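What follows is the content of entry.cif (mmCIF, C-alpha atoms).
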```cif
data_start
#
loop_
_atom_site.label_atom_id
_atom_site.label_comp_id
_atom_site.auth_asym_id
_atom_site.auth_seq_id
_atom_site.Cartn_x
_atom_site.Cartn_y
_atom_site.Cartn_z
CA MET N 1 32.86 42.11 113.51
CA ILE N 2 34.77 38.97 114.41
CA ARG N 3 36.60 37.23 111.57
CA ILE N 4 37.07 33.53 112.27
CA SER N 5 39.50 31.27 110.43
CA ASN N 6 41.43 28.06 111.06
CA HIS N 7 44.14 30.19 112.61
CA GLY N 8 41.91 31.82 115.20
CA SER N 9 39.75 34.94 115.37
CA GLU N 10 40.25 38.68 115.23
CA ARG N 11 38.11 41.78 115.69
CA VAL N 12 38.05 44.08 112.66
CA VAL N 13 35.96 46.98 111.37
CA ASP N 14 33.80 46.12 108.36
CA THR N 15 31.85 48.25 105.89
CA LEU N 16 28.22 47.30 105.24
CA ALA N 17 25.90 48.18 102.38
CA ILE N 18 23.02 50.26 103.73
CA GLU N 19 19.53 48.81 103.41
CA ALA N 20 16.77 51.24 104.34
CA PRO N 21 13.04 51.63 103.58
CA LEU N 22 11.65 54.07 101.05
CA SER N 23 7.92 54.72 100.92
CA MET N 24 6.57 55.63 97.49
CA GLU N 25 3.39 57.51 96.65
CA LEU N 26 1.79 58.99 93.56
CA ILE N 27 -0.24 62.17 93.32
CA HIS N 28 -2.56 62.36 90.32
CA LYS N 29 -5.27 64.96 89.79
CA GLY N 30 -5.06 65.96 93.44
CA ARG N 31 -5.43 62.44 94.84
CA THR N 32 -2.65 60.55 96.63
CA TYR N 33 -2.05 56.86 95.96
CA PRO N 34 0.41 54.87 98.11
CA LEU N 35 2.57 52.47 96.07
CA GLY N 36 4.13 50.65 99.01
CA ILE N 37 7.56 50.44 100.58
CA THR N 38 10.77 49.18 98.99
CA MET N 39 14.05 48.34 100.70
CA ARG N 40 16.96 49.97 98.91
CA THR N 41 20.42 51.47 99.28
CA PRO N 42 19.89 55.23 99.81
CA GLY N 43 21.19 57.38 96.98
CA ASN N 44 19.92 57.97 93.45
CA ASP N 45 16.38 57.75 94.81
CA LEU N 46 15.08 59.95 91.99
CA ASP N 47 16.53 57.54 89.44
CA LEU N 48 14.96 54.67 91.39
CA ILE N 49 11.43 56.06 91.41
CA VAL N 50 11.56 57.17 87.75
CA GLY N 51 12.87 53.77 86.67
CA PHE N 52 10.34 51.97 88.83
CA LEU N 53 7.44 53.94 87.37
CA HIS N 54 8.65 53.17 83.86
CA SER N 55 9.19 49.49 84.62
CA GLU N 56 5.68 49.33 86.09
CA GLY N 57 4.19 50.84 82.94
CA ILE N 58 2.94 53.94 84.75
CA ILE N 59 5.06 56.40 82.72
CA GLU N 60 6.56 56.27 79.24
CA GLN N 61 8.89 59.25 79.51
CA TYR N 62 10.30 61.56 82.14
CA LYS N 63 8.02 64.45 81.19
CA ASP N 64 5.04 62.37 82.39
CA ILE N 65 6.21 63.46 85.86
CA GLU N 66 5.34 66.98 86.97
CA ASN N 67 7.28 67.04 90.24
CA VAL N 68 9.18 64.79 92.67
CA SER N 69 9.83 65.51 96.34
CA GLU N 70 11.37 63.44 99.14
CA ALA N 71 11.13 63.90 102.90
CA GLU N 72 11.72 61.55 105.84
CA GLY N 73 11.92 58.39 103.77
CA ILE N 74 8.85 59.15 101.63
CA ILE N 75 9.19 60.01 97.96
CA SER N 76 6.17 61.68 96.34
CA VAL N 77 5.63 61.90 92.60
CA VAL N 78 3.14 64.26 90.99
CA LEU N 79 2.03 62.80 87.67
CA SER N 80 0.78 64.74 84.68
CA ASP N 81 -3.00 65.14 84.64
CA ASN N 82 -3.02 63.79 81.09
CA LEU N 83 -1.63 60.44 82.22
CA GLN N 84 -4.04 57.51 82.47
CA PHE N 85 -3.33 54.55 84.75
CA ASP N 86 -5.04 52.01 87.00
CA ILE N 87 -3.56 52.30 90.48
CA ASN N 88 -4.90 48.88 91.50
CA SER N 89 -2.62 47.25 88.93
CA HIS N 90 0.49 48.77 90.50
CA ARG N 91 -0.12 49.09 94.24
CA ARG N 92 1.84 46.61 96.37
CA GLN N 93 0.05 44.71 99.12
CA THR N 94 3.18 44.06 101.18
CA LEU N 95 6.61 45.49 101.86
CA THR N 96 8.93 44.93 98.90
CA SER N 97 12.27 43.59 100.09
CA SER N 98 15.59 44.20 98.40
CA ALA N 99 15.38 40.66 97.04
CA CYS N 100 11.95 41.00 95.47
CA GLY N 101 10.75 43.19 92.66
CA VAL N 102 7.26 41.77 92.20
CA CYS N 103 6.32 40.86 95.79
CA GLY N 104 2.83 41.87 96.76
CA LYS N 105 1.31 41.96 93.30
CA ALA N 106 -2.37 41.20 93.57
CA SER N 107 -2.48 38.85 90.57
CA LEU N 108 -0.19 37.23 88.03
CA THR N 109 -2.01 38.98 85.19
CA ASN N 110 -0.61 42.26 86.47
CA LEU N 111 2.89 40.97 85.80
CA HIS N 112 2.30 40.72 82.07
CA GLN N 113 0.44 43.92 81.29
CA ILE N 114 3.43 46.24 81.03
CA HIS N 115 5.32 44.66 78.18
CA THR N 116 5.96 46.48 74.96
CA LYS N 117 6.44 45.25 71.41
CA ILE N 118 8.62 42.30 70.44
CA LEU N 119 12.30 43.24 70.47
CA SER N 120 14.17 43.57 67.19
CA GLY N 121 16.46 40.74 66.18
CA SER N 122 18.69 42.87 63.95
CA PHE N 123 21.16 43.97 66.67
CA LYS N 124 24.13 41.60 66.85
CA VAL N 125 27.50 41.72 68.63
CA LYS N 126 30.44 39.37 68.92
CA SER N 127 30.53 37.32 72.10
CA ASP N 128 34.00 38.71 72.84
CA LEU N 129 32.40 42.09 73.48
CA LEU N 130 30.33 40.70 76.35
CA SER N 131 33.46 39.21 77.90
CA GLU N 132 35.26 42.53 77.65
CA ASN N 133 32.24 44.30 79.11
CA LEU N 134 32.33 41.90 82.05
CA LYS N 135 35.83 43.03 82.93
CA MET N 136 34.62 46.62 82.93
CA LEU N 137 31.54 45.75 84.99
CA ASN N 138 33.70 44.16 87.67
CA SER N 139 35.84 47.28 87.90
CA ILE N 140 33.06 49.88 88.24
CA GLN N 141 31.29 48.61 91.35
CA PRO N 142 32.65 50.84 94.13
CA LEU N 143 29.96 49.84 96.63
CA PHE N 144 30.57 46.16 95.99
CA GLN N 145 34.30 46.61 96.36
CA LEU N 146 33.71 48.20 99.77
CA THR N 147 31.01 45.87 101.05
CA GLY N 148 30.65 42.77 98.85
CA GLY N 149 26.92 43.23 99.34
CA THR N 150 25.48 45.05 96.33
CA HIS N 151 24.30 44.30 92.80
CA ALA N 152 25.11 46.26 89.67
CA ALA N 153 23.33 47.04 86.41
CA VAL N 154 25.37 48.52 83.56
CA ALA N 155 24.34 49.67 80.08
CA PHE N 156 26.97 49.38 77.32
CA ASP N 157 26.87 50.65 73.76
CA ASN N 158 27.83 48.44 70.82
CA ASN N 159 31.47 49.52 71.13
CA GLY N 160 31.81 48.50 74.75
CA ASN N 161 31.55 52.01 76.18
CA VAL N 162 29.67 52.45 79.45
CA ILE N 163 26.45 54.43 78.98
CA ALA N 164 25.50 54.35 82.67
CA SER N 165 25.79 52.14 85.75
CA ARG N 166 24.03 51.86 89.10
CA GLU N 167 24.40 49.74 92.27
CA ASP N 168 21.99 48.74 95.04
CA VAL N 169 21.44 45.98 97.59
CA GLY N 170 18.48 44.92 95.44
CA ARG N 171 19.20 43.76 91.91
CA HIS N 172 15.82 45.04 90.69
CA ASN N 173 16.52 48.41 92.34
CA ALA N 174 19.90 48.65 90.60
CA LEU N 175 18.19 48.14 87.24
CA ASP N 176 15.42 50.62 88.01
CA LYS N 177 18.05 53.19 89.03
CA LEU N 178 19.85 52.62 85.72
CA ILE N 179 16.67 52.94 83.67
CA GLY N 180 15.59 56.01 85.63
CA TYR N 181 18.94 57.71 85.08
CA MET N 182 18.78 57.05 81.35
CA LEU N 183 15.20 58.35 81.16
CA ARG N 184 16.07 61.53 83.04
CA ASN N 185 18.99 62.21 80.72
CA GLY N 186 17.15 61.65 77.47
CA THR N 187 15.01 58.99 75.88
CA LEU N 188 15.75 55.30 76.39
CA ASN N 189 17.93 54.74 73.32
CA THR N 190 18.45 51.06 74.05
CA GLU N 191 17.93 49.49 70.62
CA ASP N 192 21.71 49.21 70.07
CA SER N 193 22.66 48.74 73.74
CA ILE N 194 23.54 45.83 75.98
CA LEU N 195 22.44 45.39 79.58
CA GLN N 196 24.76 43.49 81.89
CA VAL N 197 23.94 42.64 85.50
CA SER N 198 25.91 41.18 88.35
CA GLY N 199 23.35 38.69 89.62
CA ARG N 200 21.13 36.05 88.10
CA SER N 201 18.49 36.47 85.39
CA SER N 202 15.20 36.43 87.27
CA PHE N 203 11.75 37.04 85.81
CA GLU N 204 11.64 40.56 87.26
CA LEU N 205 14.95 41.62 85.69
CA VAL N 206 14.03 40.16 82.30
CA GLN N 207 10.67 41.91 82.45
CA LYS N 208 12.27 45.28 83.22
CA THR N 209 14.85 44.71 80.48
CA ILE N 210 12.18 44.02 77.87
CA ARG N 211 10.14 47.00 79.01
CA ALA N 212 13.22 49.23 78.65
CA GLY N 213 13.92 47.86 75.16
CA PHE N 214 17.38 46.29 75.59
CA PRO N 215 17.78 43.57 72.90
CA ILE N 216 20.56 41.74 74.81
CA MET N 217 20.81 41.02 78.52
CA ALA N 218 23.81 39.28 80.10
CA SER N 219 24.12 38.08 83.69
CA VAL N 220 26.86 36.36 85.63
CA GLY N 221 24.35 34.01 87.26
CA ALA N 222 21.71 31.53 86.18
CA ALA N 223 18.32 32.14 84.62
CA SER N 224 15.00 30.96 85.98
CA SER N 225 12.52 29.02 83.85
CA LEU N 226 10.05 31.91 83.72
CA ALA N 227 12.81 34.34 82.74
CA VAL N 228 13.72 32.10 79.79
CA ASP N 229 10.07 31.75 78.74
CA LEU N 230 9.64 35.53 78.81
CA ALA N 231 12.87 36.14 76.89
CA ARG N 232 11.78 33.73 74.16
CA GLU N 233 8.34 35.31 73.95
CA TYR N 234 9.73 38.82 73.44
CA ASN N 235 12.85 37.94 71.42
CA LEU N 236 15.33 38.97 74.13
CA THR N 237 18.81 37.47 73.71
CA LEU N 238 19.49 36.15 77.22
CA VAL N 239 23.10 35.39 78.16
CA CYS N 240 23.81 33.69 81.51
CA PHE N 241 26.77 32.30 83.44
CA LEU N 242 28.86 34.98 81.75
CA LYS N 243 32.58 34.46 82.36
CA PRO N 244 35.66 35.86 80.59
CA GLU N 245 36.06 32.62 78.64
CA SER N 246 32.53 31.24 78.37
CA MET N 247 28.78 31.91 78.49
CA VAL N 248 25.46 30.22 77.75
#
```

Rewrite the structure from the file as structure tokens, please.
Amino acid sequence: MIRISNHGSERVVDTLAIEAPLSMELIHKGRTYPLGITMRTPGNDLDLIVGFLHSEGIIEQYKDIENVSEAEGIISVVLSDNLQFDINSHRRQTLTSSACGVCGKASLTNLHQIHTKILSGSFKVKSDLLSENLKMLNSIQPLFQLTGGTHAAVAFDNNGNVIASREDVGRHNALDKLIGYMLRNGTLNTEDSILQVSGRSSFELVQKTIRAGFPIMASVGAASSLAVDLAREYNLTLVCFLKPESMV
């Protein structure tokens, strides 16, 4: 690349975050159902598809999946025959970019059908803990440190210990990868956990957070109006503009 400044220009080698397509399909009772294509950073694709299927309300636990295989940019998931789902509620009509987690949904009603029960209001932490977690979040983003072009999603316990973290060019992909990893390594024990993300609080991230059961979500960016409405409806504590010395 060419770096330009007031002092002139210079040619340097830069490192870029990879953005590549992944086609997703489901196999259920011998029939194949295409889910669409998502743009993601390759790596942890199994976590991505497991988290995506949970966020979409297709699976509740990892054992709902019989088998997963990936070849030439296509990831295929064989679902348990006992699972019941409506493919038309989940199939995407367009390519899903790294910036969009709900693009291509056929109707707005499909966006609201995957929510679970109202979140408990009993889990409380001191605000200082979120600030300390932020310092940790900033230090465990190796892809971002190399490229400056990825998002992160990190789960913390109530003592500030990192449960798991994932990065991706898409903020919704990073969260799906995190949720998928946690599902594959046990149940989603999120009732006493905190989710912190590097970007803003969009509707899609809040929806996935509620579905996963995190009672607190903190982001370094702003929230959208629909994200706030959804958080209020499901009792999610939504923290935004998180900085070491302040938050809203």

Hits from the PyMOL selection byres ((chain N and resi 42) around 10), listed as a VMD selection string: chain N and resid 17 to 22 39 to 41 43 to 45 48 73 168 to 169

Distance criterion (all atoms listed in the file): nearest to Leu129 (chain N) out of N:Ser193, N:Phe241, N:Ile4, N:Thr15: N:Ser193

Figure out the distance between CA of Met247 (chain N) and CA of Ser131 (chain N), please, to one decimal in Å.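 Computing the Euclidean distance for CA of Ser131 (chain N) and CA of Met247 (chain N) yields 8.7 Å.
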
Between CA of Leu195 (chain N) and CA of Ile216 (chain N) lies a distance of 6.3 Å

Nearby residues (all atoms listed in the file) at most 10 Å from Asn158 (chain N), same-chain spacing under 3 positions excluded, as a ChimeraX atom specification: /N:123-126,129-130,155,161-162,191-194

Give, as JSON, the centre coordinates and the x, y and z edge lengths in Å to one decimal for an axis-aligned box around all listed atoms of region 42-49 of chain N, padded by 5 Å on each side.
```
{"center_x": 16.3, "center_y": 57.3, "center_z": 94.6, "size_x": 19.8, "size_y": 15.3, "size_z": 20.4}
```

Step by step, work through what the PyMOL selection byres ((chain N and resi 63) around 10) selects in the shown file, and finish by giving those residues as a PyMOL selection string. chain N and resi 59-62+64-67+79-80+183-184

Residue members of the PyMOL selection byres ((chain N and resi 23-33) around 9) in the file shown, as a PyMOL selection string: chain N and resi 21-22+34-39+49+73-81+83+87+91

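In this model, the gap between CA of Leu137 (chain N) and CA of Val13 (chain N) comes to 26.8 Å.
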
Nearest candidate to Phe85 (chain N) (options N:Ala212, N:Gln196, N:Ile58, N:Glu72; using only C-alpha atoms):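 Nearest candidate to Phe85 (chain N) out of N:Ala212, N:Gln196, N:Ile58, N:Glu72: N:Ile58.
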
Would you pick out the contacts of Ile140 (chain N) at 10 Å or less, using all atoms listed in the file, so that residues sharing its chain but fewer than 2 positions from it are not included, and give the list as an mmCIF file with C-alpha atoms, in the frame of the given file?
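Written output follows (result00.cif):
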```cif
data_model
loop_
_atom_site.group_PDB
_atom_site.id
_atom_site.type_symbol
_atom_site.label_atom_id
_atom_site.label_comp_id
_atom_site.auth_asym_id
_atom_site.auth_seq_id
_atom_site.Cartn_x
_atom_site.Cartn_y
_atom_site.Cartn_z
ATOM 1 C CA LYS N 135 35.830 43.030 82.930
ATOM 2 C CA MET N 136 34.620 46.620 82.930
ATOM 3 C CA LEU N 137 31.540 45.750 84.990
ATOM 4 C CA ASN N 138 33.700 44.160 87.670
ATOM 5 C CA PRO N 142 32.650 50.840 94.130
ATOM 6 C CA LEU N 143 29.960 49.840 96.630
ATOM 7 C CA PHE N 144 30.570 46.160 95.990
ATOM 8 C CA GLN N 145 34.300 46.610 96.360
ATOM 9 C CA ALA N 152 25.110 46.260 89.670
ATOM 10 C CA VAL N 154 25.370 48.520 83.560
ATOM 11 C CA VAL N 162 29.670 52.450 79.450
ATOM 12 C CA SER N 165 25.790 52.140 85.750
ATOM 13 C CA ARG N 166 24.030 51.860 89.100
ATOM 14 C CA GLU N 167 24.400 49.740 92.270
#
```

Could you list, as a list in words, every residue within 8 Å of Arg171 (chain N), counting only C-alpha atoms and ignoring same-chain residues fewer than 2 positions away?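 Answer for this query is Ser98, Ala99, Thr150, His151, Ala152, Ala153, Glu167, Asp168, Val169, Asn173, Ala174, Leu175, Gly199 and Leu205 of chain N.
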
Starting from the incomplete input, reconstruct N, CA, C and O atoms of region 120-135 of chain N and write that as a short mmCIF file (atom, residue, chain, number, x, y, z; two decimals), in the coordinates of the input.
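As a result, rebuild.cif now contains:
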```
data_model
loop_
_atom_site.label_atom_id
_atom_site.label_comp_id
_atom_site.auth_asym_id
_atom_site.auth_seq_id
_atom_site.Cartn_x
_atom_site.Cartn_y
_atom_site.Cartn_z
N SER N 120 13.58 43.80 68.51
CA SER N 120 14.17 43.57 67.19
C SER N 120 15.30 42.54 67.28
O SER N 120 16.05 42.51 68.24
N GLY N 121 15.40 41.72 66.23
CA GLY N 121 16.46 40.74 66.18
C GLY N 121 17.63 41.15 65.31
O GLY N 121 18.53 40.36 65.03
N SER N 122 17.66 42.41 64.89
CA SER N 122 18.69 42.87 63.95
C SER N 122 19.99 43.24 64.64
O SER N 122 21.04 43.30 64.00
N PHE N 123 19.96 43.54 65.95
CA PHE N 123 21.16 43.97 66.67
C PHE N 123 21.99 42.75 67.03
O PHE N 123 21.52 41.85 67.72
N LYS N 124 23.24 42.74 66.58
CA LYS N 124 24.13 41.60 66.85
C LYS N 124 25.50 42.11 67.28
O LYS N 124 25.98 43.13 66.78
N VAL N 125 26.13 41.40 68.20
CA VAL N 125 27.50 41.72 68.63
C VAL N 125 28.29 40.42 68.73
O VAL N 125 27.72 39.34 68.84
N LYS N 126 29.60 40.54 68.71
CA LYS N 126 30.44 39.37 68.92
C LYS N 126 30.46 39.02 70.41
O LYS N 126 30.42 39.91 71.27
N SER N 127 30.54 37.75 70.70
CA SER N 127 30.53 37.32 72.10
C SER N 127 31.72 37.88 72.87
O SER N 127 31.63 38.10 74.08
N ASP N 128 32.82 38.14 72.18
CA ASP N 128 34.00 38.71 72.84
C ASP N 128 33.68 40.04 73.51
O ASP N 128 34.28 40.39 74.53
N LEU N 129 32.74 40.79 72.92
CA LEU N 129 32.40 42.09 73.48
C LEU N 129 31.78 41.94 74.87
O LEU N 129 32.08 42.72 75.78
N LEU N 130 30.94 40.93 75.04
CA LEU N 130 30.33 40.70 76.35
C LEU N 130 31.38 40.34 77.38
O LEU N 130 31.28 40.75 78.55
N SER N 131 32.37 39.58 76.98
CA SER N 131 33.46 39.21 77.90
C SER N 131 34.27 40.43 78.30
O SER N 131 34.65 40.58 79.47
N GLU N 132 34.53 41.30 77.34
CA GLU N 132 35.26 42.53 77.65
C GLU N 132 34.43 43.45 78.55
O GLU N 132 34.95 44.08 79.47
N ASN N 133 33.13 43.50 78.27
CA ASN N 133 32.24 44.30 79.11
C ASN N 133 32.23 43.80 80.55
O ASN N 133 32.14 44.58 81.49
N LEU N 134 32.32 42.49 80.71
CA LEU N 134 32.33 41.90 82.05
C LEU N 134 33.50 42.40 82.86
O LEU N 134 33.36 42.69 84.06
N LYS N 135 34.66 42.52 82.23
CA LYS N 135 35.83 43.03 82.93
C LYS N 135 35.57 44.46 83.41
O LYS N 135 35.93 44.82 84.53
#
```
